[in-house]
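As stored in my_file_15.cif (mmCIF, N, CA and C atoms):
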data_entry
#
loop_
_atom_site.label_atom_id
_atom_site.label_comp_id
_atom_site.auth_asym_id
_atom_site.auth_seq_id
_atom_site.Cartn_x
_atom_site.Cartn_y
_atom_site.Cartn_z
N MET A 700 89.77 -51.72 175.78
CA MET A 700 88.43 -51.68 176.31
C MET A 700 87.88 -53.10 176.31
N ALA A 701 87.32 -53.56 177.40
CA ALA A 701 86.77 -54.90 177.52
C ALA A 701 85.47 -55.00 176.72
N LYS A 702 85.09 -56.24 176.39
CA LYS A 702 83.87 -56.45 175.61
C LYS A 702 82.64 -55.88 176.30
N THR A 703 82.57 -56.03 177.61
CA THR A 703 81.40 -55.49 178.31
C THR A 703 81.33 -53.98 178.17
N ASP A 704 82.48 -53.32 178.14
CA ASP A 704 82.48 -51.87 177.96
C ASP A 704 81.93 -51.49 176.58
N ILE A 705 82.32 -52.23 175.58
CA ILE A 705 81.85 -51.95 174.22
C ILE A 705 80.34 -52.13 174.16
N PHE A 706 79.83 -53.21 174.76
CA PHE A 706 78.39 -53.44 174.75
C PHE A 706 77.65 -52.33 175.49
N THR A 707 78.22 -51.87 176.58
CA THR A 707 77.60 -50.78 177.33
C THR A 707 77.53 -49.52 176.48
N VAL A 708 78.64 -49.20 175.82
CA VAL A 708 78.68 -48.01 174.97
C VAL A 708 77.69 -48.15 173.82
N MET A 709 77.67 -49.30 173.17
CA MET A 709 76.77 -49.50 172.04
C MET A 709 75.31 -49.40 172.47
N SER A 710 74.97 -49.96 173.64
CA SER A 710 73.57 -49.88 174.08
C SER A 710 73.18 -48.44 174.36
N LYS A 711 74.10 -47.64 174.88
CA LYS A 711 73.79 -46.22 175.13
C LYS A 711 73.60 -45.48 173.82
N VAL A 712 74.42 -45.81 172.83
CA VAL A 712 74.28 -45.16 171.52
C VAL A 712 72.93 -45.52 170.92
N LEU A 713 72.57 -46.80 171.00
CA LEU A 713 71.30 -47.23 170.41
C LEU A 713 70.10 -46.67 171.15
N GLU A 714 70.22 -46.42 172.45
CA GLU A 714 69.12 -45.88 173.24
C GLU A 714 69.06 -44.36 173.16
N SER A 715 70.05 -43.74 172.55
CA SER A 715 70.14 -42.28 172.50
C SER A 715 68.89 -41.68 171.87
N PRO A 716 68.33 -40.63 172.50
CA PRO A 716 67.12 -40.01 171.96
C PRO A 716 67.41 -39.15 170.72
N GLN A 717 68.67 -38.89 170.43
CA GLN A 717 69.03 -38.07 169.27
C GLN A 717 68.66 -38.78 167.97
N PRO A 718 67.75 -38.24 167.17
CA PRO A 718 67.44 -38.88 165.89
C PRO A 718 68.59 -38.61 164.90
N ASP A 719 68.73 -39.50 163.95
CA ASP A 719 69.74 -39.30 162.91
C ASP A 719 69.17 -38.29 161.92
N ARG A 720 69.60 -37.05 162.04
CA ARG A 720 69.05 -35.95 161.23
C ARG A 720 69.15 -36.22 159.73
N ARG A 721 70.18 -36.94 159.33
CA ARG A 721 70.34 -37.21 157.90
C ARG A 721 69.23 -38.09 157.38
N ARG A 722 68.72 -38.96 158.21
CA ARG A 722 67.69 -39.90 157.77
C ARG A 722 66.28 -39.33 157.86
N GLU A 723 66.11 -38.20 158.54
CA GLU A 723 64.77 -37.62 158.65
C GLU A 723 64.21 -37.25 157.28
N ALA A 724 65.04 -36.71 156.41
CA ALA A 724 64.58 -36.33 155.07
C ALA A 724 64.16 -37.56 154.28
N ILE A 725 64.83 -38.66 154.50
CA ILE A 725 64.51 -39.89 153.77
C ILE A 725 63.18 -40.46 154.23
N SER A 726 62.84 -40.27 155.49
CA SER A 726 61.59 -40.85 156.01
C SER A 726 60.36 -40.28 155.33
N SER A 727 60.47 -39.10 154.71
CA SER A 727 59.31 -38.51 154.04
C SER A 727 59.17 -38.99 152.59
N LEU A 728 60.15 -39.74 152.09
CA LEU A 728 60.09 -40.22 150.70
C LEU A 728 59.18 -41.43 150.59
N ARG A 729 58.62 -41.60 149.40
CA ARG A 729 57.91 -42.85 149.11
C ARG A 729 58.94 -43.97 149.11
N THR A 730 58.55 -45.14 149.58
CA THR A 730 59.49 -46.26 149.66
C THR A 730 59.12 -47.38 148.70
N VAL A 731 60.16 -48.06 148.25
CA VAL A 731 60.02 -49.22 147.39
C VAL A 731 61.05 -50.23 147.88
N THR A 732 60.65 -51.48 147.98
CA THR A 732 61.61 -52.49 148.42
C THR A 732 62.57 -52.80 147.28
N ALA A 733 63.73 -53.32 147.64
CA ALA A 733 64.71 -53.70 146.63
C ALA A 733 64.13 -54.78 145.71
N SER A 734 63.33 -55.67 146.26
CA SER A 734 62.69 -56.72 145.44
C SER A 734 61.73 -56.11 144.42
N GLU A 735 60.94 -55.11 144.87
CA GLU A 735 60.03 -54.43 143.93
C GLU A 735 60.82 -53.76 142.82
N LEU A 736 61.93 -53.14 143.16
CA LEU A 736 62.77 -52.48 142.16
C LEU A 736 63.27 -53.50 141.15
N LYS A 737 63.74 -54.62 141.64
CA LYS A 737 64.28 -55.66 140.76
C LYS A 737 63.19 -56.24 139.86
N ASN A 738 62.03 -56.51 140.44
CA ASN A 738 60.97 -57.17 139.69
C ASN A 738 60.14 -56.24 138.81
N ASN A 739 60.10 -54.96 139.14
CA ASN A 739 59.26 -54.00 138.40
C ASN A 739 60.05 -52.73 138.08
N PHE A 740 61.22 -52.89 137.49
CA PHE A 740 62.09 -51.73 137.28
C PHE A 740 61.39 -50.63 136.48
N GLY A 741 60.69 -50.98 135.42
CA GLY A 741 60.03 -49.97 134.58
C GLY A 741 59.02 -49.15 135.36
N GLU A 742 58.20 -49.82 136.13
CA GLU A 742 57.17 -49.12 136.92
C GLU A 742 57.81 -48.25 138.01
N VAL A 743 58.82 -48.81 138.68
CA VAL A 743 59.48 -48.06 139.76
C VAL A 743 60.23 -46.86 139.19
N SER A 744 60.89 -47.04 138.05
CA SER A 744 61.62 -45.90 137.47
C SER A 744 60.64 -44.81 137.03
N ALA A 745 59.45 -45.18 136.58
CA ALA A 745 58.44 -44.18 136.24
C ALA A 745 58.00 -43.41 137.48
N GLN A 746 57.88 -44.12 138.61
CA GLN A 746 57.55 -43.44 139.87
C GLN A 746 58.67 -42.48 140.26
N ALA A 747 59.91 -42.91 140.06
CA ALA A 747 61.06 -42.08 140.45
C ALA A 747 61.14 -40.81 139.61
N MET A 748 60.61 -40.84 138.40
CA MET A 748 60.62 -39.63 137.57
C MET A 748 59.72 -38.55 138.17
N LYS A 749 58.79 -38.95 139.02
CA LYS A 749 57.89 -38.00 139.69
C LYS A 749 58.48 -37.48 140.99
N GLY A 750 59.54 -38.11 141.47
CA GLY A 750 60.17 -37.69 142.72
C GLY A 750 61.00 -38.82 143.29
N ALA A 751 61.96 -38.47 144.09
CA ALA A 751 62.88 -39.46 144.65
C ALA A 751 62.16 -40.56 145.41
N LEU A 752 62.72 -41.75 145.36
CA LEU A 752 62.19 -42.90 146.08
C LEU A 752 63.27 -43.46 146.99
N ALA A 753 62.87 -43.90 148.17
CA ALA A 753 63.79 -44.59 149.07
C ALA A 753 63.68 -46.08 148.76
N ILE A 754 64.81 -46.70 148.48
CA ILE A 754 64.86 -48.14 148.23
C ILE A 754 65.22 -48.81 149.54
N THR A 755 64.37 -49.73 149.98
CA THR A 755 64.58 -50.35 151.28
C THR A 755 65.00 -51.81 151.13
N ARG A 756 65.80 -52.23 152.10
CA ARG A 756 66.14 -53.64 152.26
C ARG A 756 65.93 -53.96 153.72
N HIS A 757 65.18 -54.99 153.99
CA HIS A 757 64.86 -55.37 155.37
C HIS A 757 64.26 -54.19 156.14
N GLN A 758 63.37 -53.46 155.47
CA GLN A 758 62.62 -52.34 156.06
C GLN A 758 63.50 -51.16 156.47
N ARG A 759 64.69 -51.08 155.90
CA ARG A 759 65.59 -49.96 156.20
C ARG A 759 66.01 -49.32 154.88
N ALA A 760 65.89 -47.99 154.80
CA ALA A 760 66.28 -47.28 153.58
C ALA A 760 67.78 -47.46 153.36
N GLU A 761 68.12 -47.94 152.16
CA GLU A 761 69.52 -48.19 151.83
C GLU A 761 70.01 -47.30 150.69
N PHE A 762 69.08 -46.94 149.78
CA PHE A 762 69.45 -46.14 148.61
C PHE A 762 68.34 -45.15 148.32
N VAL A 763 68.68 -44.14 147.52
CA VAL A 763 67.67 -43.21 147.03
C VAL A 763 67.78 -43.20 145.51
N LEU A 764 66.65 -43.41 144.86
CA LEU A 764 66.58 -43.39 143.40
C LEU A 764 65.93 -42.07 143.01
N LEU A 765 66.62 -41.30 142.18
CA LEU A 765 66.08 -40.01 141.77
C LEU A 765 66.41 -39.75 140.32
N PRO A 766 65.63 -38.88 139.68
CA PRO A 766 65.89 -38.55 138.28
C PRO A 766 67.25 -37.88 138.10
N VAL A 767 67.83 -38.06 136.93
CA VAL A 767 69.14 -37.49 136.63
C VAL A 767 69.15 -35.99 136.85
N GLU A 768 68.10 -35.29 136.45
CA GLU A 768 68.06 -33.84 136.61
C GLU A 768 68.17 -33.43 138.08
N ASP A 769 67.50 -34.17 138.96
CA ASP A 769 67.59 -33.88 140.40
C ASP A 769 69.01 -34.09 140.89
N TYR A 770 69.63 -35.17 140.43
CA TYR A 770 71.02 -35.45 140.83
C TYR A 770 71.95 -34.33 140.34
N LEU A 771 71.76 -33.90 139.10
CA LEU A 771 72.61 -32.84 138.56
C LEU A 771 72.44 -31.54 139.34
N GLU A 772 71.21 -31.24 139.77
CA GLU A 772 70.98 -30.04 140.59
C GLU A 772 71.71 -30.15 141.92
N LEU A 773 71.66 -31.33 142.53
CA LEU A 773 72.39 -31.54 143.79
C LEU A 773 73.89 -31.34 143.60
N GLN A 774 74.41 -31.88 142.52
CA GLN A 774 75.85 -31.74 142.25
C GLN A 774 76.22 -30.28 142.00
N GLN A 775 75.35 -29.58 141.28
CA GLN A 775 75.62 -28.16 140.99
C GLN A 775 75.62 -27.35 142.28
N ALA A 776 74.67 -27.61 143.16
CA ALA A 776 74.62 -26.90 144.44
C ALA A 776 75.86 -27.20 145.26
N ARG A 777 76.29 -28.44 145.23
CA ARG A 777 77.50 -28.83 145.98
C ARG A 777 78.72 -28.12 145.43
N THR A 778 78.84 -28.08 144.12
CA THR A 778 79.97 -27.41 143.48
C THR A 778 79.94 -25.92 143.77
N ALA A 779 78.76 -25.31 143.74
CA ALA A 779 78.65 -23.88 144.01
C ALA A 779 79.13 -23.58 145.43
N SER A 780 78.77 -24.42 146.38
CA SER A 780 79.21 -24.23 147.75
C SER A 780 80.72 -24.33 147.85
N LEU A 781 81.29 -25.31 147.18
CA LEU A 781 82.75 -25.46 147.20
C LEU A 781 83.44 -24.28 146.54
N ASP A 782 82.86 -23.78 145.46
CA ASP A 782 83.43 -22.62 144.79
C ASP A 782 83.39 -21.39 145.71
N ALA A 783 82.29 -21.21 146.43
CA ALA A 783 82.18 -20.08 147.35
C ALA A 783 83.20 -20.21 148.48
N LEU A 784 83.34 -21.40 149.04
CA LEU A 784 84.34 -21.61 150.10
C LEU A 784 85.75 -21.39 149.58
N SER A 785 85.99 -21.83 148.38
CA SER A 785 87.32 -21.64 147.78
C SER A 785 87.62 -20.16 147.61
N SER A 786 86.63 -19.39 147.19
CA SER A 786 86.82 -17.94 147.04
C SER A 786 87.08 -17.28 148.39
N GLN A 787 86.34 -17.69 149.41
CA GLN A 787 86.55 -17.14 150.76
C GLN A 787 87.95 -17.48 151.27
N PHE A 788 88.38 -18.70 151.02
CA PHE A 788 89.71 -19.13 151.46
C PHE A 788 90.79 -18.32 150.75
N ASP A 789 90.63 -18.14 149.44
CA ASP A 789 91.61 -17.35 148.69
C ASP A 789 91.69 -15.92 149.21
N ALA A 790 90.53 -15.34 149.53
CA ALA A 790 90.52 -13.97 150.07
C ALA A 790 91.22 -13.92 151.43
N MET A 791 90.99 -14.93 152.28
CA MET A 791 91.63 -14.97 153.59
C MET A 791 93.14 -15.09 153.44
N VAL A 792 93.59 -15.94 152.54
CA VAL A 792 95.03 -16.09 152.31
C VAL A 792 95.62 -14.78 151.80
N ALA A 793 94.90 -14.11 150.93
CA ALA A 793 95.39 -12.83 150.41
C ALA A 793 95.54 -11.80 151.54
N ARG A 794 94.56 -11.78 152.48
CA ARG A 794 94.66 -10.86 153.62
C ARG A 794 95.84 -11.22 154.51
N MET A 795 96.12 -12.51 154.63
CA MET A 795 97.22 -12.95 155.49
C MET A 795 98.58 -12.64 154.87
N ASN A 796 98.61 -12.42 153.57
CA ASN A 796 99.88 -12.17 152.88
C ASN A 796 100.17 -10.70 152.67
N THR A 797 99.43 -9.81 153.31
CA THR A 797 99.73 -8.38 153.18
C THR A 797 100.94 -8.05 154.05
N PRO A 798 101.66 -6.99 153.74
CA PRO A 798 102.81 -6.60 154.56
C PRO A 798 102.43 -6.37 156.03
N ALA A 799 101.27 -5.75 156.28
CA ALA A 799 100.84 -5.49 157.65
C ALA A 799 100.60 -6.80 158.40
N ALA A 800 99.99 -7.78 157.74
CA ALA A 800 99.74 -9.07 158.39
C ALA A 800 101.05 -9.77 158.69
N LYS A 801 101.99 -9.69 157.77
CA LYS A 801 103.29 -10.34 157.99
C LYS A 801 104.03 -9.70 159.15
N ARG A 802 103.92 -8.35 159.26
CA ARG A 802 104.55 -7.67 160.41
C ARG A 802 103.90 -8.11 161.72
N GLY A 803 102.56 -8.25 161.70
CA GLY A 803 101.83 -8.68 162.89
C GLY A 803 102.25 -10.07 163.33
N VAL A 804 102.43 -10.98 162.38
CA VAL A 804 102.86 -12.34 162.72
C VAL A 804 104.27 -12.31 163.29
N ALA A 805 105.15 -11.49 162.70
CA ALA A 805 106.51 -11.38 163.22
C ALA A 805 106.49 -10.87 164.66
N ARG A 806 105.64 -9.86 164.96
CA ARG A 806 105.53 -9.35 166.33
C ARG A 806 104.98 -10.41 167.27
N LEU A 807 104.03 -11.18 166.77
CA LEU A 807 103.43 -12.25 167.57
C LEU A 807 104.49 -13.25 168.04
N PHE A 808 105.35 -13.66 167.14
CA PHE A 808 106.37 -14.65 167.51
C PHE A 808 107.46 -14.08 168.40
N LYS A 809 107.61 -12.77 168.40
CA LYS A 809 108.61 -12.14 169.27
C LYS A 809 108.03 -11.74 170.63
N ALA A 810 106.72 -11.81 170.79
CA ALA A 810 106.06 -11.33 172.01
C ALA A 810 106.36 -12.25 173.19
N SER A 811 106.38 -11.65 174.36
CA SER A 811 106.57 -12.42 175.60
C SER A 811 105.22 -13.01 176.02
N PRO A 812 105.24 -14.01 176.90
CA PRO A 812 103.97 -14.54 177.40
C PRO A 812 103.11 -13.46 178.07
N ALA A 813 103.73 -12.59 178.83
CA ALA A 813 102.96 -11.52 179.48
C ALA A 813 102.35 -10.59 178.44
N GLY A 814 103.10 -10.27 177.42
CA GLY A 814 102.60 -9.41 176.34
C GLY A 814 101.42 -10.06 175.62
N LEU A 815 101.52 -11.37 175.37
CA LEU A 815 100.41 -12.08 174.74
C LEU A 815 99.17 -12.06 175.62
N GLY A 816 99.37 -12.25 176.92
CA GLY A 816 98.25 -12.22 177.86
C GLY A 816 97.57 -10.87 177.88
N ASN A 817 98.37 -9.81 177.93
CA ASN A 817 97.81 -8.45 177.91
C ASN A 817 97.03 -8.18 176.63
N SER A 818 97.58 -8.62 175.51
CA SER A 818 96.88 -8.44 174.23
C SER A 818 95.56 -9.19 174.22
N ALA A 819 95.56 -10.39 174.77
CA ALA A 819 94.33 -11.19 174.81
C ALA A 819 93.27 -10.52 175.67
N VAL A 820 93.68 -9.95 176.80
CA VAL A 820 92.74 -9.26 177.68
C VAL A 820 92.17 -8.04 176.98
N ARG A 821 93.03 -7.26 176.31
CA ARG A 821 92.55 -6.08 175.59
C ARG A 821 91.58 -6.47 174.48
N ALA A 822 91.89 -7.53 173.76
CA ALA A 822 91.02 -7.98 172.66
C ALA A 822 89.68 -8.45 173.21
N ALA A 823 89.70 -9.18 174.32
CA ALA A 823 88.45 -9.66 174.92
C ALA A 823 87.59 -8.49 175.39
N ARG A 824 88.23 -7.52 176.01
CA ARG A 824 87.47 -6.34 176.47
C ARG A 824 86.87 -5.59 175.30
N ALA A 825 87.64 -5.42 174.24
CA ALA A 825 87.14 -4.70 173.06
C ALA A 825 85.99 -5.47 172.42
N ALA A 826 86.08 -6.80 172.41
CA ALA A 826 85.02 -7.61 171.80
C ALA A 826 83.74 -7.57 172.60
N HIS A 827 83.86 -7.35 173.92
CA HIS A 827 82.68 -7.33 174.78
C HIS A 827 82.27 -5.91 175.19
N GLY A 828 82.77 -4.95 174.45
CA GLY A 828 82.38 -3.56 174.70
C GLY A 828 83.01 -2.94 175.92
N GLY A 829 84.14 -3.48 176.37
CA GLY A 829 84.77 -2.97 177.59
C GLY A 829 85.82 -2.06 177.29
#

Serialized structure, structure tokens:
Amino acid sequence: MAKTDIFTVMSKVLESPQPDRRREAISSLRTVTASELKNNFGEVSAQAMKGALAITRHQRAEFVLLPVEDYLELQQARTASLDALSSQFDAMVARMNTPAAKRGVARLFKASPAGLGNSAVRAARAAHGG
């Protein structure tokens, strides 16, 4: 890709009306500059105990300072989600390892292209109430 192409692509990305959804939550936080954090750590950390703060550098949020308890809650929620997904995955694997599922896979690999097409049409009709 030529340099002009890269610049064209980058300008379109920068002009895109799509907001960065991840940063919307940060925009509602109280902000503190990195210099303020460095020079007034005690005061800023006391503010952070009341709620998360966005730490900015050059007027752009770079970090979020939050109390340990808030961080632990975030980690717990993340772990809970992973545990739930892991349980769902294990259940799906268990369903795939039943004798009936294994027979179905064996039939699938032995099926002709026409047979696969007919099965797909029947499944689509059944899914759409036909």

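The space separating atom C of Phe740 (chain A) from CA of Leu764 (chain A) comes to 11.3 Å.
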
Skipping near chain neighbours, those fewer than 3 positions away, what residues fall within 7 Å of Met748 (chain A) using all atoms listed in the file, listed as a tab-separated table (two decimals) with N, CA and C atoms, keeping the file's coordinate frame?
chain	number	residue	atom	x	y	z
A	743	VAL	N	58.82	-48.81	138.68
A	743	VAL	CA	59.48	-48.06	139.76
A	743	VAL	C	60.23	-46.86	139.19
A	744	SER	N	60.89	-47.04	138.05
A	744	SER	CA	61.62	-45.90	137.47
A	744	SER	C	60.64	-44.81	137.03
A	745	ALA	N	59.45	-45.18	136.58
A	745	ALA	CA	58.44	-44.18	136.24
A	745	ALA	C	58.00	-43.41	137.48
A	751	ALA	N	61.96	-38.47	144.09
A	751	ALA	CA	62.88	-39.46	144.65
A	751	ALA	C	62.16	-40.56	145.41
A	765	LEU	N	66.62	-41.30	142.18
A	765	LEU	CA	66.08	-40.01	141.77
A	765	LEU	C	66.41	-39.75	140.32
A	766	PRO	N	65.63	-38.88	139.68
A	766	PRO	CA	65.89	-38.55	138.28
A	766	PRO	C	67.25	-37.88	138.10

request  = One decimal, Å: what's the distance from CA of Ser734 (chain A) over to CA of Arg756 (chain A), could you say?
outcome  =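 Distance reported for this atom pair: 8.2 Å.
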
Would you give the centre and edge lengths, in Å to one decimal, of a box along x, y and z around the listed atoms of region 732-735 of chain A, with 8 Å added to each side, as lines of an AutoDock Vina configuration file?
center_x = 62.4
center_y = -54.1
center_z = 145.6
size_x = 20.7
size_y = 21.2
size_z = 21.6

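For the pair CA of Ala753 (chain A) and CA of Arg721 (chain A), the interatomic distance is 13.2 Å.
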
inquiry  = Can you tell me, as JSON, numbers by chain, which residues in region 734-807 of chain A count as alpha helix (DSSP H) by DSSP?
reply    = {"A": [734, 735, 736, 737, 738, 740, 741, 742, 743, 744, 745, 746, 747, 748, 767, 768, 769, 770, 771, 772, 773, 774, 775, 776, 777, 778, 779, 780, 781, 782, 783, 784, 785, 786, 787, 788, 789, 790, 791, 792, 793, 794, 795, 798, 799, 800, 801, 802, 803, 804, 805, 806, 807]}

Could you write out that same residue set with N, CA and C atoms as a compact mmCIF listing (two decimals), in the coordinates of the input?
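Written output follows (again-v7.txt):
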# COMPACT_ATOMS: atom_id res chain seq x y z
N SER A 734 63.33 -55.67 146.26
CA SER A 734 62.69 -56.72 145.44
C SER A 734 61.73 -56.11 144.42
N GLU A 735 60.94 -55.11 144.87
CA GLU A 735 60.03 -54.43 143.93
C GLU A 735 60.82 -53.76 142.82
N LEU A 736 61.93 -53.14 143.16
CA LEU A 736 62.77 -52.48 142.16
C LEU A 736 63.27 -53.50 141.15
N LYS A 737 63.74 -54.62 141.64
CA LYS A 737 64.28 -55.66 140.76
C LYS A 737 63.19 -56.24 139.86
N ASN A 738 62.03 -56.51 140.44
CA ASN A 738 60.97 -57.17 139.69
C ASN A 738 60.14 -56.24 138.81
N PHE A 740 61.22 -52.89 137.49
CA PHE A 740 62.09 -51.73 137.28
C PHE A 740 61.39 -50.63 136.48
N GLY A 741 60.69 -50.98 135.42
CA GLY A 741 60.03 -49.97 134.58
C GLY A 741 59.02 -49.15 135.36
N GLU A 742 58.20 -49.82 136.13
CA GLU A 742 57.17 -49.12 136.92
C GLU A 742 57.81 -48.25 138.01
N VAL A 743 58.82 -48.81 138.68
CA VAL A 743 59.48 -48.06 139.76
C VAL A 743 60.23 -46.86 139.19
N SER A 744 60.89 -47.04 138.05
CA SER A 744 61.62 -45.90 137.47
C SER A 744 60.64 -44.81 137.03
N ALA A 745 59.45 -45.18 136.58
CA ALA A 745 58.44 -44.18 136.24
C ALA A 745 58.00 -43.41 137.48
N GLN A 746 57.88 -44.12 138.61
CA GLN A 746 57.55 -43.44 139.87
C GLN A 746 58.67 -42.48 140.26
N ALA A 747 59.91 -42.91 140.06
CA ALA A 747 61.06 -42.08 140.45
C ALA A 747 61.14 -40.81 139.61
N MET A 748 60.61 -40.84 138.40
CA MET A 748 60.62 -39.63 137.57
C MET A 748 59.72 -38.55 138.17
N VAL A 767 67.83 -38.06 136.93
CA VAL A 767 69.14 -37.49 136.63
C VAL A 767 69.15 -35.99 136.85
N GLU A 768 68.10 -35.29 136.45
CA GLU A 768 68.06 -33.84 136.61
C GLU A 768 68.17 -33.43 138.08
N ASP A 769 67.50 -34.17 138.96
CA ASP A 769 67.59 -33.88 140.40
C ASP A 769 69.01 -34.09 140.89
N TYR A 770 69.63 -35.17 140.43
CA TYR A 770 71.02 -35.45 140.83
C TYR A 770 71.95 -34.33 140.34
N LEU A 771 71.76 -33.90 139.10
CA LEU A 771 72.61 -32.84 138.56
C LEU A 771 72.44 -31.54 139.34
N GLU A 772 71.21 -31.24 139.77
CA GLU A 772 70.98 -30.04 140.59
C GLU A 772 71.71 -30.15 141.92
N LEU A 773 71.66 -31.33 142.53
CA LEU A 773 72.39 -31.54 143.79
C LEU A 773 73.89 -31.34 143.60
N GLN A 774 74.41 -31.88 142.52
CA GLN A 774 75.85 -31.74 142.25
C GLN A 774 76.22 -30.28 142.00
N GLN A 775 75.35 -29.58 141.28
CA GLN A 775 75.62 -28.16 140.99
C GLN A 775 75.62 -27.35 142.28
N ALA A 776 74.67 -27.61 143.16
CA ALA A 776 74.62 -26.90 144.44
C ALA A 776 75.86 -27.20 145.26
N ARG A 777 76.29 -28.44 145.23
CA ARG A 777 77.50 -28.83 145.98
C ARG A 777 78.72 -28.12 145.43
N THR A 778 78.84 -28.08 144.12
CA THR A 778 79.97 -27.41 143.48
C THR A 778 79.94 -25.92 143.77
N ALA A 779 78.76 -25.31 143.74
CA ALA A 779 78.65 -23.88 144.01
C ALA A 779 79.13 -23.58 145.43
N SER A 780 78.77 -24.42 146.38
CA SER A 780 79.21 -24.23 147.75
C SER A 780 80.72 -24.33 147.85
N LEU A 781 81.29 -25.31 147.18
CA LEU A 781 82.75 -25.46 147.20
C LEU A 781 83.44 -24.28 146.54
N ASP A 782 82.86 -23.78 145.46
CA ASP A 782 83.43 -22.62 144.79
C ASP A 782 83.39 -21.39 145.71
N ALA A 783 82.29 -21.21 146.43
CA ALA A 783 82.18 -20.08 147.35
C ALA A 783 83.20 -20.21 148.48
N LEU A 784 83.34 -21.40 149.04
CA LEU A 784 84.34 -21.61 150.10
C LEU A 784 85.75 -21.39 149.58
N SER A 785 85.99 -21.83 148.38
CA SER A 785 87.32 -21.64 147.78
C SER A 785 87.62 -20.16 147.61
N SER A 786 86.63 -19.39 147.19
CA SER A 786 86.82 -17.94 147.04
C SER A 786 87.08 -17.28 148.39
N GLN A 787 86.34 -17.69 149.41
CA GLN A 787 86.55 -17.14 150.76
C GLN A 787 87.95 -17.48 151.27
N PHE A 788 88.38 -18.70 151.02
CA PHE A 788 89.71 -19.13 151.46
C PHE A 788 90.79 -18.32 150.75
N ASP A 789 90.63 -18.14 149.44
CA ASP A 789 91.61 -17.35 148.69
C ASP A 789 91.69 -15.92 149.21
N ALA A 790 90.53 -15.34 149.53
CA ALA A 790 90.52 -13.97 150.07
C ALA A 790 91.22 -13.92 151.43
N MET A 791 90.99 -14.93 152.28
CA MET A 791 91.63 -14.97 153.59
C MET A 791 93.14 -15.09 153.44
N VAL A 792 93.59 -15.94 152.54
CA VAL A 792 95.03 -16.09 152.31
C VAL A 792 95.62 -14.78 151.80
N ALA A 793 94.90 -14.11 150.93
CA ALA A 793 95.39 -12.83 150.41
C ALA A 793 95.54 -11.80 151.54
N ARG A 794 94.56 -11.78 152.48
CA ARG A 794 94.66 -10.86 153.62
C ARG A 794 95.84 -11.22 154.51
N MET A 795 96.12 -12.51 154.63
CA MET A 795 97.22 -12.95 155.49
C MET A 795 98.58 -12.64 154.87
N PRO A 798 101.66 -6.99 153.74
CA PRO A 798 102.81 -6.60 154.56
C PRO A 798 102.43 -6.37 156.03
N ALA A 799 101.27 -5.75 156.28
CA ALA A 799 100.84 -5.49 157.65
C ALA A 799 100.60 -6.80 158.40
N ALA A 800 99.99 -7.78 157.74
CA ALA A 800 99.74 -9.07 158.39
C ALA A 800 101.05 -9.77 158.69
N LYS A 801 101.99 -9.69 157.77
CA LYS A 801 103.29 -10.34 157.99
C LYS A 801 104.03 -9.70 159.15
N ARG A 802 103.92 -8.35 159.26
CA ARG A 802 104.55 -7.67 160.41
C ARG A 802 103.90 -8.11 161.72
N GLY A 803 102.56 -8.25 161.70
CA GLY A 803 101.83 -8.68 162.89
C GLY A 803 102.25 -10.07 163.33
N VAL A 804 102.43 -10.98 162.38
CA VAL A 804 102.86 -12.34 162.72
C VAL A 804 104.27 -12.31 163.29
N ALA A 805 105.15 -11.49 162.70
CA ALA A 805 106.51 -11.38 163.22
C ALA A 805 106.49 -10.87 164.66
N ARG A 806 105.64 -9.86 164.96
CA ARG A 806 105.53 -9.35 166.33
C ARG A 806 104.98 -10.41 167.27
N LEU A 807 104.03 -11.18 166.77
CA LEU A 807 103.43 -12.25 167.57
C LEU A 807 104.49 -13.25 168.04

message = Please return as an MDAnalysis selection string every residue within 12 Å of (57.4, -39.5, 152.9), taking into account only C-alpha atoms and the file's own coordinates.
response = chainID A and resid 722:731 750:753 760
